[in-house]
Amino acid sequence: MDNKSIFDAWVETNNKLMNNWATSTQKLQEAVQNGQALEKGTDIYQEWLNNQTEIAREASEKNTASAGTLFSNPFNGSGKPADLYNQWFESQQNSMKTWFDNSQKFFAPFTAANPNDAFAAFRKSQEQWMETNSGWMNQWIAPFKAMTPNIGDTTAREAYENMVNMSNTYFKLYEVWAPFYKSISEKNFTPETFQKYFDAGKFKDLMDKSFEAISPVQLKDLYNQFSGWFEVINNHNRHLFQQYAGNMPQAEQLMPFLLFGNDPKNAQNNIFSVYQRSINPLIRLYAPGKESELNEIFSKQLDRFSQYGQKLNELQHLMYTTGSKNFEKFVFDSFEESKKGTDMSNFQQVFQNWVNKNESAFVELFRTEAYSKLQGELLDLGLEIKNDFEKVAEISLQPLPVVLRTEADELHQTIYELKKRVRQLEKLVGAGENEEEKKEAKSSKKKAATA
Amino acid sequence: MANENLVKEMAENAAKLANGYSNLVQVENVEVAATPKELVFRQEKVKLYRYTRETKATVKTPLLISYALVNRHDMLDLQPDRSLVRNLLGLGFDIYIIDWGYPTRADKHFSLDDYVNWFIDEMVDFIRRNNKVEKVNLMGICQGGTLSTIYSALHPEKIRNLVTLVTPIDFSTNDGLLFRWAKDMNIDRLVDTYGSVPGDFMNNGFALLKPMMKVNKFMGVVDTLQDKEKTMNFLRMEKWINDSPNQAGECFRQFLKDLYQENKLVKGELVVGGKKVNLENIMMPLLNIYAAEDHLVPPAATIPLNDHVGTKDKELYKFPGGHIGVFVGSRTQKELGPAIHKFLSNRD
């Protein structure tokens with residue numbers, strides 16, 4: 001069984017699962033509309049459950065049958081696809097279990113109460129299903145993500161990764177859009193509906209997914225990086241001392257004959273003291289006398305972090321406000337379109353429409369002076385922070401036998417200037433040679449004329 | 001019911017992704033710029049290539065192509081059926097191209113003067129010696145066009161014809177976002193911090209110019225993943241987009257400050273290598289090609305070149321489409337190459 005058929009089987013299985021879900025939902029809706037929810041609900045549930053079990057059994061059999069051939073498949077001799085497929089299947093079985101559990105809750109109201117209550121509960125359950133649906137959507141994407149490392153070519157791998165990630169944006173929009181669509185298609189959409197259904201948290205997720213690749217560095221990440229870095233330095237410093245101190249008694253036992261003095265703990269006279277003196281600059285990561293300079297940088301850093309955070313918030317506020325205003329307009333426009341008879345059930349078209357409108361809205365924002373200035377300020381602050389990091393790194397690395405960046409920069413400058421000078425001299429020599437050649441040519445002509 | 005539709009779409013999407021995966025996993029190497037060429041000259045990291053011809057060139061004057069320092073010249077030869085270079089070779093040109101290389105922090109001192117009066121000048125001189133000609137045709141693309149324009153103004157005696165493609169000259173416009181943003185950036189801090197400005201920094205800026213493009217293209221490409229040829233076309237373009245060299249700091253500093261921020265070139269105030277750049281010195285014939293829907297270098301930045309040069313023999317060529325479409329669109333293959341050929345062969 002090759003990869004293509006594995007994934008065909010997967011798609012087939014998922015299609016069957018979803019069709020089964022869709023069919024039972026339709027049957028249930030009909031039953032509710034005909035006032036037979038209570039009577040038929042249990043049967044519909046049982047039928048759905050049986051179908052799910054059958055689909056699961058079939059898929060499992062295929063999986064077992066294909067596992068052997070997969071391992072010997074020359075296309076991917078590592079056996080990775082089989083592992084992946086098994087992982088995928090396991091995750092699908094888990095999600096199926098979640099489905100079973102949820103569907104039990106979903107259909108529970110129909111086994112009791114009156115049909116009217118059941119109808120209300122059915123609506124509520126649908127909303128609940130939508131909630132779990134998002135988890136299921138992630139489940140859908142997960143195996144694709146896991147497959148990415150198998151793509152050898154970097155460009156192809158990154159492209160595939162992006163395709164999978166963009167599917168995520170697609171589903172995120174669906175999550176935000178779904179309640180409005182429901183309301184629009186039921187023709188009961190009002191401005192209040194927008195306020196009621198607009199989920200700011202989900203919308204923020206959508207924005208973050210959409211701008212994943214281009215959003216500025218998050219303050220939190222930057223701060224974590226900052227504090228993590230200092231922790232590493234401090235730990236390194238401390239551990240070196242600890243390691244050194246910890247080794248002393250052991251070394252004393254192992255090498256007593258190497259001691260210069262009788263007392264191994266006599267710091268002035270033993271090999272450890274010599275060793276300590278020689279590595280002292282290495283273990284004192286902060287160069288002596290630089291503490292106040294470092295403190296000054298740290299205090300400036302904190303100040304800049306706070307300014308950076310403030311500016312970043314302003315920028316994000318601009319982005320989220322633009323995005324949500326655009327989304328609001330998009331929903332209201334869609335409602336107007338729907339009233340004119342435009343079909344909104346094709347989500348791909350809805351998505352494309354939203355993308356296009358978003359593009360225009362953001363380009364308009366980016367054109368403004370406010371955005372441009374803010375972006376410039378944020379960049380400037382970010383660069384200042386980076387500069388400070390580098391200063392701290394230089395100070396910390398000073399005692400170590402490494403070439404520092406400023407030293408390398410100076411060296412590069414010298415090399416550059418020398419190269420320029422050599423080139424100028426070459427030009428001068430070249431020009432001189434040309435002049436000589438011209439003179440020689442002239443005198444040869446003269447001589448020839450005289451002769 | 002919308003949910004059912006979504007489920008169908010998801011199933012379809014999954015099938016496409018899965019089948020696409022089978023194609024992508026078989027991709028061993030995304031090859032671009034496959035037209036044969038030979039390294040003929042080198043200065044520092046900057047290389048000069050000459051494209052291999054099977055027949056003798058019919059256009060006597062050799063053509064030197066100077067691409068932008070941002071991104072790579074591979075765009076001109078993305079694949080055999082989308083190659084301006086291949087097209088021009090077919091039309092009888094003897095083509096040289098400058099490969100600017102990949103500057104690192106060590107190259108941060110290379111200035112605008114070095115790029116114009118050192119690298120381009122050495123390349124031009126090499127071709128003049130090699131082809132035994134007094135002058136060459138110079139074709140500059142985007143930022144490479146600005147460098148070529150400056151060079152032609154400083155060394156007019158070495159250039160027979162100047163061709164500029166999507167070239168920024170008048171930076172006073174705010175039509176393009178880059179032009180707007182550059183005015184609010186602390187360029188000194190950027191260069192002093194990075195040394196050589198990272199290609200990723202530039203690419204992130206370009207991505208913001210069309211903020212939803214990434215979402216759009218990666219959602220769209222899933223539909224064509226089963227088509228190997230289309231997938232490879234897409235991947236070649238992706239490879240080119242992601243291949244973004246760093247910018248040598250000092251050159252970047254002067255380019256951004258003197259041009260983007262102060263618009264010194266059209267004001268006649270730009271000084272390169274101690275000499276004022278006077279666009280009126282451009283007395284050789286000029287073909288200025290711009291893209292009508294260019295979002296990176298808007299027509300407002302390109303068109304004014306023709307108003308500032310000294311030559312009377314100048315043409316403005318409007319090409320429908322965007323900044324990248326000029327090089328890879330199907331129309332390019334039919335129209336652009338022949339238009340360049342017509343202009344240059346008439347002035348050979």
# chains A, B, ... in the order shown; residues from 1 in each chain; ligands from 1
$ interface_residues --of "chain B" --to "chain A" --cutoff "8 Å" --atoms "only C-alpha atoms" --output "PDB file with C-alpha atoms, in the first residue's frame"
ATOM      1  CA  MET B   1     -26.032  23.709   6.436  1.00  0.00           C
ATOM      2  CA  ALA B   2     -22.687  25.502   6.585  1.00  0.00           C
ATOM      3  CA  GLU B   4     -21.681  20.167   6.279  1.00  0.00           C
ATOM      4  CA  ASN B   5     -20.172  22.299   3.560  1.00  0.00           C
ATOM      5  CA  LEU B   6     -17.162  22.954   5.707  1.00  0.00           C
ATOM      6  CA  VAL B   7     -16.763  19.263   6.376  1.00  0.00           C
ATOM      7  CA  LYS B   8     -16.845  18.564   2.654  1.00  0.00           C
ATOM      8  CA  GLU B   9     -14.347  21.339   2.047  1.00  0.00           C
ATOM      9  CA  ALA B  11     -12.277  16.515   3.384  1.00  0.00           C
ATOM     10  CA  ALA B  14      -7.279  17.035   3.327  1.00  0.00           C
ATOM     11  CA  ALA B  15      -7.286  14.933   0.173  1.00  0.00           C
ATOM     12  CA  LEU B  17      -2.925  18.108   1.108  1.00  0.00           C
ATOM     13  CA  ALA B  18      -2.378  14.371   1.312  1.00  0.00           C
ATOM     14  CA  ASN B  19      -1.902  13.952  -2.417  1.00  0.00           C
ATOM     15  CA  TYR B  21       2.365  15.583   0.224  1.00  0.00           C
ATOM     16  CA  SER B  22       3.104  12.601  -2.013  1.00  0.00           C
ATOM     17  CA  LEU B  24       6.307  17.219  -2.324  1.00  0.00           C
ATOM     18  CA  VAL B  25       8.055  14.354  -0.594  1.00  0.00           C
ATOM     19  CA  GLN B  26       9.514  13.362  -3.964  1.00  0.00           C
ATOM     20  CA  VAL B  27      10.976  16.806  -4.630  1.00  0.00           C
ATOM     21  CA  GLU B  28      14.734  16.470  -4.348  1.00  0.00           C
ATOM     22  CA  ASN B  29      15.838  19.925  -5.350  1.00  0.00           C
ATOM     23  CA  VAL B  30      13.995  23.009  -6.489  1.00  0.00           C
ATOM     24  CA  ARG B 105      28.723  41.492   8.741  1.00  0.00           C
ATOM     25  CA  ALA B 106      32.296  41.495   7.441  1.00  0.00           C
ATOM     26  CA  ASP B 107      31.076  43.293   4.306  1.00  0.00           C
ATOM     27  CA  HIS B 109      31.739  48.727   4.995  1.00  0.00           C
ATOM     28  CA  PHE B 110      30.972  48.375   1.312  1.00  0.00           C
ATOM     29  CA  LEU B 177       4.389  51.564   1.518  1.00  0.00           C
ATOM     30  CA  ARG B 180       6.193  55.796   3.321  1.00  0.00           C
ATOM     31  CA  TRP B 181       7.792  53.629   6.019  1.00  0.00           C
ATOM     32  CA  ASP B 184      10.085  57.065   9.649  1.00  0.00           C
ATOM     33  CA  MET B 185      12.955  54.668  10.210  1.00  0.00           C
ATOM     34  CA  ASN B 186      16.128  55.325  12.126  1.00  0.00           C
ATOM     35  CA  ARG B 189      20.516  52.697  14.269  1.00  0.00           C
ATOM     36  CA  LEU B 190      19.492  49.884  11.935  1.00  0.00           C
ATOM     37  CA  THR B 193      23.105  47.529  15.073  1.00  0.00           C
ATOM     38  CA  ASN B 204       9.322  40.703   6.559  1.00  0.00           C
ATOM     39  CA  ALA B 207       5.477  40.568   3.302  1.00  0.00           C
ATOM     40  CA  LEU B 208       3.640  43.402   5.032  1.00  0.00           C
ATOM     41  CA  LEU B 209       3.123  45.205   1.741  1.00  0.00           C
ATOM     42  CA  LYS B 210       0.469  42.640   0.870  1.00  0.00           C
ATOM     43  CA  PRO B 211      -0.454  41.450   4.346  1.00  0.00           C
ATOM     44  CA  MET B 212      -2.863  38.684   3.351  1.00  0.00           C
ATOM     45  CA  MET B 213      -0.868  37.390   0.412  1.00  0.00           C
ATOM     46  CA  VAL B 215      -2.701  33.310   3.548  1.00  0.00           C
ATOM     47  CA  ASN B 216      -4.062  33.664   0.058  1.00  0.00           C
ATOM     48  CA  PHE B 218      -0.895  28.974   0.529  1.00  0.00           C
ATOM     49  CA  MET B 219      -4.622  28.352   0.633  1.00  0.00           C
ATOM     50  CA  VAL B 221      -1.809  26.412  -3.946  1.00  0.00           C
ATOM     51  CA  VAL B 222      -3.417  23.428  -2.218  1.00  0.00           C
ATOM     52  CA  LEU B 235       8.150  26.147  -5.415  1.00  0.00           C
ATOM     53  CA  GLU B 238       8.987  30.357  -3.210  1.00  0.00           C
ATOM     54  CA  LYS B 239      12.669  29.546  -3.385  1.00  0.00           C
TER      55      LYS B 239
END
$ select_by_dssp --residues "region 192-299 of chain B" --states "strand (DSSP E or B)" --output "list of chain:residue names"
B:Val197, B:Gln247, B:Val271, B:Val272, B:Lys275, B:Lys276, B:Leu286, B:Leu287, B:Asn288, B:Ile289, B:Tyr290, B:Ala291
$ write_last_selection --atoms "C-alpha atoms" --output "PDB file, in the first residue's frame"
ATOM      1  CA  VAL B 197      20.981  44.466   7.297  1.00  0.00           C
ATOM      2  CA  GLN B 247      22.435  44.271   2.604  1.00  0.00           C
ATOM      3  CA  VAL B 271      27.253  62.512  -3.998  1.00  0.00           C
ATOM      4  CA  VAL B 272      28.877  59.153  -4.771  1.00  0.00           C
ATOM      5  CA  LYS B 275      31.289  63.292  -7.221  1.00  0.00           C
ATOM      6  CA  LYS B 276      27.852  64.810  -7.614  1.00  0.00           C
ATOM      7  CA  LEU B 286      17.247  55.388 -22.403  1.00  0.00           C
ATOM      8  CA  LEU B 287      14.486  52.804 -22.284  1.00  0.00           C
ATOM      9  CA  ASN B 288      12.563  53.119 -19.011  1.00  0.00           C
ATOM     10  CA  ILE B 289      10.190  50.229 -18.335  1.00  0.00           C
ATOM     11  CA  TYR B 290       7.695  50.356 -15.493  1.00  0.00           C
ATOM     12  CA  ALA B 291       4.882  48.139 -14.236  1.00  0.00           C
TER      13      ALA B 291
END
$ closest_residue --among "A:Lys187, A:Lys311, A:Lys145, A:His317" --to "Lys204 (chain A)" --atoms "only C-alpha atoms"
A:His317
$ closest_residue --among "B:Asp188, B:Asp307, B:Glu157, B:Glu250" --to "Asp114 (chain B)" --atoms "only C-alpha atoms"
B:Glu250
$ closest_residue --among "A:Tyr197, A:Phe189, A:Phe389, A:Phe203" --to "Asn326 (chain A)" --atoms "only C-alpha atoms"
A:Phe203
$ residues_around --residues "Asp348 (chain B)" --least-positions-apart "5" --cutoff "8 Å" --atoms "only C-alpha atoms" --output "PyMOL selection string"
chain B and resi 59-61+160
$ residues_around --residues "Ile169 (chain B)" --least-positions-apart "2" --cutoff "8 Å" --atoms "only C-alpha atoms" --output "PyMOL selection string"
chain B and resi 146+167+171+265-266+301-302+304-305
$ closest_residue --among "B:Asn233, B:Asn23, B:Asn71, B:Ser152" --to "Val328 (chain B)" --atoms "only C-alpha atoms"
B:Asn233
$ atom_distance --atom1 "CA of Glu437 (chain A)" --atom2 "CA of Val124 (chain B)"
21.7 Å
$ residues_around --residues "region 322-324 of chain B" --least-positions-apart "2" --cutoff "8 Å" --atoms "only C-alpha atoms" --output "list in words"
Val166, Ala291, Ala292, Glu293, Asp294, His295, Leu296, Val297, Pro320, Val326, Phe327 and Val328 of chain B
